[in-house]
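Visitor: This is my_file_1.cif, which holds mmCIF, C-alpha atoms:
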data_input
#
loop_
_atom_site.label_atom_id
_atom_site.label_comp_id
_atom_site.auth_asym_id
_atom_site.auth_seq_id
_atom_site.Cartn_x
_atom_site.Cartn_y
_atom_site.Cartn_z
CA MET A 125 -23.31 -16.68 -10.62
CA LYS A 126 -19.77 -17.98 -10.98
CA LEU A 127 -16.65 -15.90 -11.48
CA TYR A 128 -13.87 -17.71 -13.32
CA ASP A 129 -10.85 -16.08 -11.76
CA GLY A 130 -7.16 -15.85 -12.61
CA GLY A 131 -5.68 -14.87 -9.26
CA ARG A 132 -3.18 -12.00 -9.42
CA ALA A 133 -3.56 -11.42 -13.17
CA PRO A 134 -4.55 -7.79 -13.84
CA ASN A 135 -8.00 -8.19 -15.38
CA PRO A 136 -9.36 -10.62 -12.77
CA ARG A 137 -8.10 -8.18 -10.12
CA ARG A 138 -9.96 -5.30 -11.78
CA VAL A 139 -13.23 -7.21 -11.55
CA ARG A 140 -12.70 -8.28 -7.93
CA ILE A 141 -11.86 -4.69 -6.96
CA PHE A 142 -15.00 -3.50 -8.76
CA PHE A 143 -17.10 -5.96 -6.74
CA ALA A 144 -15.45 -4.72 -3.54
CA GLU A 145 -15.95 -1.04 -4.35
CA LYS A 146 -19.61 -1.79 -5.00
CA GLY A 147 -19.84 -3.45 -1.59
CA LEU A 148 -20.86 -6.72 -3.27
CA ALA A 149 -19.87 -10.17 -2.10
CA LEU A 150 -17.99 -12.11 -4.73
CA PRO A 151 -19.99 -14.89 -6.39
CA GLU A 152 -18.74 -18.45 -6.36
CA LEU A 153 -15.10 -18.27 -7.44
CA VAL A 154 -13.80 -20.84 -9.89
CA PRO A 155 -9.98 -20.63 -9.85
CA VAL A 156 -8.38 -21.08 -13.27
CA ASP A 157 -4.69 -21.91 -13.22
CA ILE A 158 -3.14 -19.69 -15.87
CA ALA A 159 0.36 -21.09 -15.33
CA GLY A 160 -1.08 -24.57 -15.86
CA LYS A 161 -2.80 -23.35 -19.05
CA GLU A 162 -6.27 -24.26 -17.79
CA HIS A 163 -7.62 -21.28 -19.76
CA ARG A 164 -6.37 -22.94 -22.95
CA THR A 165 -8.37 -26.13 -22.47
CA GLU A 166 -11.24 -27.14 -24.74
CA ALA A 167 -13.67 -26.96 -21.82
CA PHE A 168 -12.75 -23.37 -21.01
CA ALA A 169 -12.77 -22.38 -24.68
CA ARG A 170 -16.42 -23.44 -24.85
CA LEU A 171 -17.11 -20.94 -22.07
CA ASN A 172 -14.95 -18.18 -23.56
CA PRO A 173 -13.58 -18.71 -27.09
CA SER A 174 -11.04 -15.92 -26.46
CA GLN A 175 -9.52 -18.08 -23.70
CA ARG A 176 -9.09 -15.04 -21.45
CA LEU A 177 -10.00 -14.29 -17.87
CA PRO A 178 -12.13 -13.29 -16.07
CA VAL A 179 -15.49 -14.73 -17.08
CA LEU A 180 -18.73 -14.16 -15.18
CA GLU A 181 -21.18 -17.01 -15.74
CA LEU A 182 -24.75 -15.96 -14.99
CA ASP A 183 -27.38 -18.20 -13.50
CA ASP A 184 -28.97 -18.71 -16.92
CA GLY A 185 -25.67 -19.95 -18.35
CA THR A 186 -24.72 -16.73 -20.15
CA ALA A 187 -20.95 -16.22 -20.06
CA LEU A 188 -19.80 -12.60 -19.85
CA ALA A 189 -16.18 -12.07 -20.75
CA GLU A 190 -14.20 -8.81 -21.08
CA THR A 191 -13.55 -6.86 -17.91
CA MET A 192 -15.54 -3.75 -18.80
CA ALA A 193 -18.55 -5.77 -19.95
CA ILE A 194 -18.64 -7.51 -16.55
CA CYS A 195 -18.24 -4.21 -14.70
CA ARG A 196 -20.99 -2.54 -16.72
CA TYR A 197 -23.32 -5.45 -16.01
CA LEU A 198 -22.69 -5.06 -12.28
CA GLU A 199 -23.17 -1.29 -12.51
CA ALA A 200 -26.55 -1.77 -14.20
CA LEU A 201 -27.68 -4.15 -11.47
CA HIS A 202 -26.21 -2.10 -8.61
CA PRO A 203 -26.00 1.56 -9.65
CA GLU A 204 -24.78 2.80 -6.26
CA PRO A 205 -22.10 3.77 -5.60
CA SER A 206 -21.73 4.89 -9.19
CA LEU A 207 -18.38 3.93 -10.74
CA PHE A 208 -19.31 4.84 -14.33
CA GLY A 209 -20.96 8.20 -13.56
CA ARG A 210 -24.58 9.32 -13.18
CA GLU A 211 -24.90 12.37 -15.42
CA ALA A 212 -24.13 12.35 -19.14
CA LYS A 213 -21.01 14.52 -18.84
CA ASP A 214 -19.62 12.47 -15.95
CA GLN A 215 -20.23 9.24 -17.85
CA ALA A 216 -18.45 10.64 -20.90
CA MET A 217 -15.47 11.85 -18.88
CA ILE A 218 -15.09 8.52 -17.10
CA GLU A 219 -15.40 6.64 -20.40
CA MET A 220 -12.82 8.93 -22.00
CA TRP A 221 -10.25 8.47 -19.24
CA ASN A 222 -10.86 4.77 -18.85
CA ARG A 223 -10.29 4.27 -22.59
CA ARG A 224 -7.21 6.50 -22.60
CA ILE A 225 -5.69 4.48 -19.78
CA GLU A 226 -6.82 1.07 -20.99
CA LEU A 227 -5.66 1.63 -24.58
CA GLY A 228 -2.58 3.58 -23.49
CA LEU A 229 -0.77 2.85 -20.23
CA PHE A 230 -2.47 -0.46 -19.44
CA ALA A 231 -1.97 -1.83 -22.97
CA ALA A 232 1.66 -0.68 -23.11
CA VAL A 233 2.57 -2.22 -19.75
CA SER A 234 0.81 -5.45 -20.77
CA ALA A 235 2.73 -5.56 -24.05
CA VAL A 236 6.05 -5.13 -22.25
CA PHE A 237 5.19 -7.95 -19.84
CA ARG A 238 3.83 -10.32 -22.46
CA HIS A 239 6.70 -9.83 -24.89
CA SER A 240 9.65 -9.67 -22.47
CA HIS A 241 8.91 -11.61 -19.28
CA PRO A 242 10.41 -15.13 -19.30
CA SER A 243 7.25 -16.60 -17.76
CA MET A 244 5.28 -15.59 -20.85
CA ALA A 245 7.51 -17.38 -23.35
CA GLU A 246 5.25 -20.46 -23.25
CA PHE A 247 2.13 -18.38 -23.92
CA GLU A 248 3.22 -15.82 -26.50
CA GLU A 249 5.26 -15.67 -29.64
CA GLN A 250 7.34 -12.97 -28.01
CA VAL A 251 8.53 -10.05 -30.11
CA PRO A 252 11.26 -8.22 -28.16
CA GLU A 253 11.06 -5.23 -30.51
CA TRP A 254 7.38 -4.80 -29.64
CA ALA A 255 8.20 -4.89 -25.94
CA GLN A 256 10.83 -2.19 -26.48
CA ALA A 257 8.53 -0.03 -28.58
CA ASN A 258 5.93 -0.09 -25.82
CA ARG A 259 8.56 0.46 -23.12
CA GLU A 260 9.49 3.70 -24.84
CA GLN A 261 5.88 4.92 -24.68
CA ILE A 262 5.37 4.36 -20.94
CA GLU A 263 6.65 7.75 -19.80
CA ASP A 264 4.31 9.63 -22.16
CA HIS A 265 1.34 7.67 -20.82
CA LEU A 266 2.45 8.35 -17.24
CA TRP A 267 2.69 12.09 -17.86
CA LEU A 268 -0.86 12.13 -19.21
CA LEU A 269 -2.06 10.55 -15.97
CA GLU A 270 0.22 12.72 -13.81
CA LEU A 271 -1.15 15.96 -15.27
CA GLN A 272 -4.75 14.79 -14.85
CA LEU A 273 -4.15 13.90 -11.20
CA ALA A 274 -2.48 17.24 -10.45
CA GLY A 275 -5.86 18.88 -9.90
CA ASN A 276 -7.89 15.89 -8.75
CA ASP A 277 -7.96 13.45 -5.87
CA PHE A 278 -8.92 10.73 -8.35
CA VAL A 279 -8.65 10.41 -12.11
CA CYS A 280 -12.03 11.97 -12.84
CA GLY A 281 -12.47 14.26 -9.86
CA GLN A 282 -13.09 13.77 -6.18
CA ALA A 283 -14.54 10.25 -6.24
CA LEU A 284 -13.12 6.90 -7.29
CA THR A 285 -14.39 5.52 -10.61
CA VAL A 286 -13.67 2.59 -12.86
CA ALA A 287 -10.93 4.70 -14.48
CA ASP A 288 -9.01 4.65 -11.18
CA ILE A 289 -9.29 0.87 -11.02
CA THR A 290 -7.89 0.52 -14.54
CA ALA A 291 -5.10 3.01 -13.91
CA GLY A 292 -4.21 1.61 -10.49
CA ILE A 293 -3.92 -1.92 -11.81
CA ALA A 294 -1.76 -0.63 -14.68
CA ILE A 295 0.62 0.95 -12.15
CA ASP A 296 0.65 -2.26 -10.09
CA PHE A 297 1.41 -4.27 -13.24
CA MET A 298 4.51 -2.17 -13.89
CA LYS A 299 6.34 -4.06 -11.12
CA PRO A 300 6.16 -7.58 -12.64
CA ALA A 301 6.82 -5.97 -16.04
CA LYS A 302 10.05 -4.60 -14.54
CA LEU A 303 9.09 -1.01 -15.29
CA PRO A 304 10.12 1.40 -12.51
CA LEU A 305 7.88 4.33 -11.62
CA PRO A 306 10.19 7.38 -11.65
CA GLU A 307 10.22 9.63 -8.60
CA ASP A 308 9.11 12.55 -10.79
CA PHE A 309 5.54 11.31 -10.83
CA VAL A 310 4.57 12.70 -7.43
CA GLN A 311 0.84 12.92 -8.13
CA ILE A 312 0.69 9.32 -9.33
CA ARG A 313 2.60 8.21 -6.22
CA ARG A 314 0.23 10.16 -3.95
CA TRP A 315 -2.88 8.81 -5.65
CA HIS A 316 -1.59 5.23 -5.97
CA GLY A 317 -0.62 5.19 -2.29
CA ALA A 318 -4.18 6.16 -1.39
CA LEU A 319 -5.61 3.48 -3.69
CA SER A 320 -3.35 0.81 -2.27
CA GLY A 321 -4.63 1.59 1.21
CA ARG A 322 -8.26 0.92 0.29
CA ALA A 323 -9.77 -2.33 1.50
CA SER A 324 -10.87 -3.13 -2.06
CA TRP A 325 -7.25 -3.23 -3.24
CA LYS A 326 -6.70 -6.43 -1.26
CA ALA A 327 -9.43 -8.17 -3.28
#
Before anything else, please render the file you have as structure tokens.
Guide:
Amino acid sequence: MKLYDGGRAPNPRRVRIFFAEKGLALPELVPVDIAGKEHRTEAFARLNPSQRLPVLELDDGTALAETMAICRYLEALHPEPSLFGREAKDQAMIEMWNRRIELGLFAAVSAVFRHSHPSMAEFEEQVPEWAQANREQIEDHLWLLELQLAGNDFVCGQALTVADITAGIAIDFMKPAKLPLPEDFVQIRRWHGALSGRASWKA
């Protein structure tokens, strides 16, 4: 296998952390220079028409794009430790929270970054009003996560799941998006501090 990787970009990090939490060695890494627009080349577009990272190329030539698709493939091959849940209710809860975070906090932070950060001006037709609209939603998304973490060590209970990876990367991504994490969010700060101390978070 080959993993086409985008360095510190959020989605490539999610996949590398997933590998690490599974205790799996990374496959052959193929660095793709996002700043140099290597993901926009014709050669890369043949691999992934969406021109996004990461991409996991299997030994038979199949190219898996989309972060969750790659993670689910790895989970199916290596079910332990479970990061998507074993029982039906656990799987549903993890899916629910991962979608809430991915479509909520993660998407909002990404929109702020993509539509306001100077480094993205070459890649996006930036809409400052869209950045502001998403900026105004961040606190609501944070409170949803804060309340969930008030009674749990991790997002879905007492064990780390894929929902924690998505949420943790969203919190990390707030820094380059120039979105401060208010002091009020004590549970998020407690949980994120624990995540950041895990060996997988250095992946």
Visitor: Excluding segment 303-310 of chain A and residues on its chain fewer than 4 positions from it, collect all residues at most 10 Å away from it, counting all atoms listed in the file, and give them as a list of chain:residue names.
Guide: A:Val233, A:Val236, A:Phe237, A:Arg259, A:Ile262, A:Glu263, A:Leu266, A:Trp267, A:Leu269, A:Glu270, A:Leu271, A:Leu273, A:Ala274, A:Ile295, A:Asp296, A:Phe297, A:Met298, A:Lys299, A:Arg314, A:Trp315, A:His316
Visitor: Spell out the residues picked by the PyMOL selection byres ((chain A and resi 231) around 12) here, as a count of residues only.
Guide: 34
Visitor: Could you tell me which residues the PyMOL selection byres ((chain A and resi 171) around 10) returns for this structure, as a list in words?
Guide: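 Given this file, the PyMOL selection byres ((chain A and resi 171) around 10) evaluates to Tyr128, His163, Glu166, Ala167, Phe168, Ala169, Arg170, Asn172, Pro173, Ser174, Gln175, Arg176, Val179, Leu180, Glu181, Gly185, Thr186, Ala187, Leu188 and Ala189 of chain A.
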Visitor: Measure the distance from atom CA of Ile289 of chain A to atom CA of Arg164 of chain A in Å and round it to one decimal.
Guide: 26.8 Å
Visitor: By how many Å are atom CA of Ile194 of chain A and atom CA of Pro178 of chain A apart?
Guide: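 Pair atom CA of Ile194 of chain A / atom CA of Pro178 of chain A returns 8.7 Å.
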Visitor: Return as lines of an AutoDock Vina configuration file the box centre and box size in Å, one decimal, for an axis-aligned box around all listed atoms of segment 190-195 of chain A padded by 3 Å per side.
Guide:
center_x = -16.1
center_y = -6.3
center_z = -17.9
size_x = 11.1
size_y = 11.1
size_z = 12.4
Visitor: In the coordinates of the file, take the point (-17.1, -5.1, -6.1) and a cut-off of 12 Å; then, counting all atoms listed in the file, name each qualifying protein, DNA or RNA residue as a PyMOL selection string.
Guide: chain A and resi 136-151+194-199+201-207+285-286+289+323-327
Visitor: Tell me which of A:Phe208, A:Trp221, A:Phe247, A:Phe278 sits closest to Gly317 of chain A, counting only C-alpha atoms.
Guide: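 Among the listed residues, A:Phe278 lies closest to Gly317 of chain A.
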Visitor: May I ask for the distance between atom CA of Ala318 of chain A and atom CA of Met192 of chain A, given in Å to one decimal place?
Guide: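 If I compute the distance from atom CA of Ala318 of chain A to atom CA of Met192 of chain A, I get 23.0 Å.
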Visitor: Translate the PyMOL selection byres ((chain A and resi 158) around 9) into a concrete residue list for this structure, as a PyMOL selection string.
Guide: chain A and resi 130-131+133+156-157+159-164+177
Visitor: Selected residues, C-alpha atoms, written as a PDB file, in the coordinates of the input, please.
Guide:
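Saved as again-v3.pdb:
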ATOM      1  CA  GLY A 130      -7.160 -15.850 -12.610  1.00  0.00           C
ATOM      2  CA  GLY A 131      -5.680 -14.870  -9.260  1.00  0.00           C
ATOM      3  CA  ALA A 133      -3.560 -11.420 -13.170  1.00  0.00           C
ATOM      4  CA  VAL A 156      -8.380 -21.080 -13.270  1.00  0.00           C
ATOM      5  CA  ASP A 157      -4.690 -21.910 -13.220  1.00  0.00           C
ATOM      6  CA  ALA A 159       0.360 -21.090 -15.330  1.00  0.00           C
ATOM      7  CA  GLY A 160      -1.080 -24.570 -15.860  1.00  0.00           C
ATOM      8  CA  LYS A 161      -2.800 -23.350 -19.050  1.00  0.00           C
ATOM      9  CA  GLU A 162      -6.270 -24.260 -17.790  1.00  0.00           C
ATOM     10  CA  HIS A 163      -7.620 -21.280 -19.760  1.00  0.00           C
ATOM     11  CA  ARG A 164      -6.370 -22.940 -22.950  1.00  0.00           C
ATOM     12  CA  LEU A 177     -10.000 -14.290 -17.870  1.00  0.00           C
TER      13      LEU A 177
END
Visitor: Nearest to Val154 of chain A among A:Cys280, A:Ala212, A:Leu127, A:Ala257, with distances taken over only C-alpha atoms: which residue is it?
Guide: A:Leu127
Visitor: Return segment 255-268 of chain A, completed with N, CA and C atoms, as a PDB file, in the coordinates of the input.
Guide:
ATOM      1  N   ALA A 255       8.043  -5.233 -27.361  1.00  0.00           N
ATOM      2  CA  ALA A 255       8.200  -4.890 -25.940  1.00  0.00           C
ATOM      3  C   ALA A 255       8.952  -3.573 -25.810  1.00  0.00           C
ATOM      4  N   GLN A 256      10.031  -3.409 -26.557  1.00  0.00           N
ATOM      5  CA  GLN A 256      10.830  -2.190 -26.480  1.00  0.00           C
ATOM      6  C   GLN A 256      10.054  -0.974 -26.980  1.00  0.00           C
ATOM      7  N   ALA A 257       9.323  -1.142 -28.055  1.00  0.00           N
ATOM      8  CA  ALA A 257       8.530  -0.030 -28.580  1.00  0.00           C
ATOM      9  C   ALA A 257       7.510   0.455 -27.562  1.00  0.00           C
ATOM     10  N   ASN A 258       6.901  -0.470 -26.847  1.00  0.00           N
ATOM     11  CA  ASN A 258       5.930  -0.090 -25.820  1.00  0.00           C
ATOM     12  C   ASN A 258       6.618   0.482 -24.586  1.00  0.00           C
ATOM     13  N   ARG A 259       7.786  -0.060 -24.255  1.00  0.00           N
ATOM     14  CA  ARG A 259       8.560   0.460 -23.120  1.00  0.00           C
ATOM     15  C   ARG A 259       8.863   1.949 -23.309  1.00  0.00           C
ATOM     16  N   GLU A 260       9.146   2.308 -24.545  1.00  0.00           N
ATOM     17  CA  GLU A 260       9.490   3.700 -24.840  1.00  0.00           C
ATOM     18  C   GLU A 260       8.299   4.643 -24.770  1.00  0.00           C
ATOM     19  N   GLN A 261       7.078   4.087 -24.760  1.00  0.00           N
ATOM     20  CA  GLN A 261       5.880   4.920 -24.680  1.00  0.00           C
ATOM     21  C   GLN A 261       5.391   5.137 -23.248  1.00  0.00           C
ATOM     22  N   ILE A 262       5.908   4.357 -22.303  1.00  0.00           N
ATOM     23  CA  ILE A 262       5.370   4.360 -20.940  1.00  0.00           C
ATOM     24  C   ILE A 262       5.405   5.752 -20.323  1.00  0.00           C
ATOM     25  N   GLU A 263       6.526   6.454 -20.467  1.00  0.00           N
ATOM     26  CA  GLU A 263       6.650   7.750 -19.800  1.00  0.00           C
ATOM     27  C   GLU A 263       5.607   8.742 -20.318  1.00  0.00           C
ATOM     28  N   ASP A 264       5.340   8.733 -21.617  1.00  0.00           N
ATOM     29  CA  ASP A 264       4.310   9.630 -22.160  1.00  0.00           C
ATOM     30  C   ASP A 264       2.947   9.324 -21.551  1.00  0.00           C
ATOM     31  N   HIS A 265       2.620   8.046 -21.430  1.00  0.00           N
ATOM     32  CA  HIS A 265       1.340   7.670 -20.820  1.00  0.00           C
ATOM     33  C   HIS A 265       1.294   8.094 -19.355  1.00  0.00           C
ATOM     34  N   LEU A 266       2.397   7.949 -18.652  1.00  0.00           N
ATOM     35  CA  LEU A 266       2.450   8.350 -17.240  1.00  0.00           C
ATOM     36  C   LEU A 266       2.249   9.850 -17.084  1.00  0.00           C
ATOM     37  N   TRP A 267       2.851  10.635 -17.954  1.00  0.00           N
ATOM     38  CA  TRP A 267       2.690  12.090 -17.860  1.00  0.00           C
ATOM     39  C   TRP A 267       1.246  12.512 -18.096  1.00  0.00           C
ATOM     40  N   LEU A 268       0.558  11.841 -18.985  1.00  0.00           N
ATOM     41  CA  LEU A 268      -0.860  12.130 -19.210  1.00  0.00           C
ATOM     42  C   LEU A 268      -1.650  11.933 -17.921  1.00  0.00           C
TER      43      LEU A 268
END
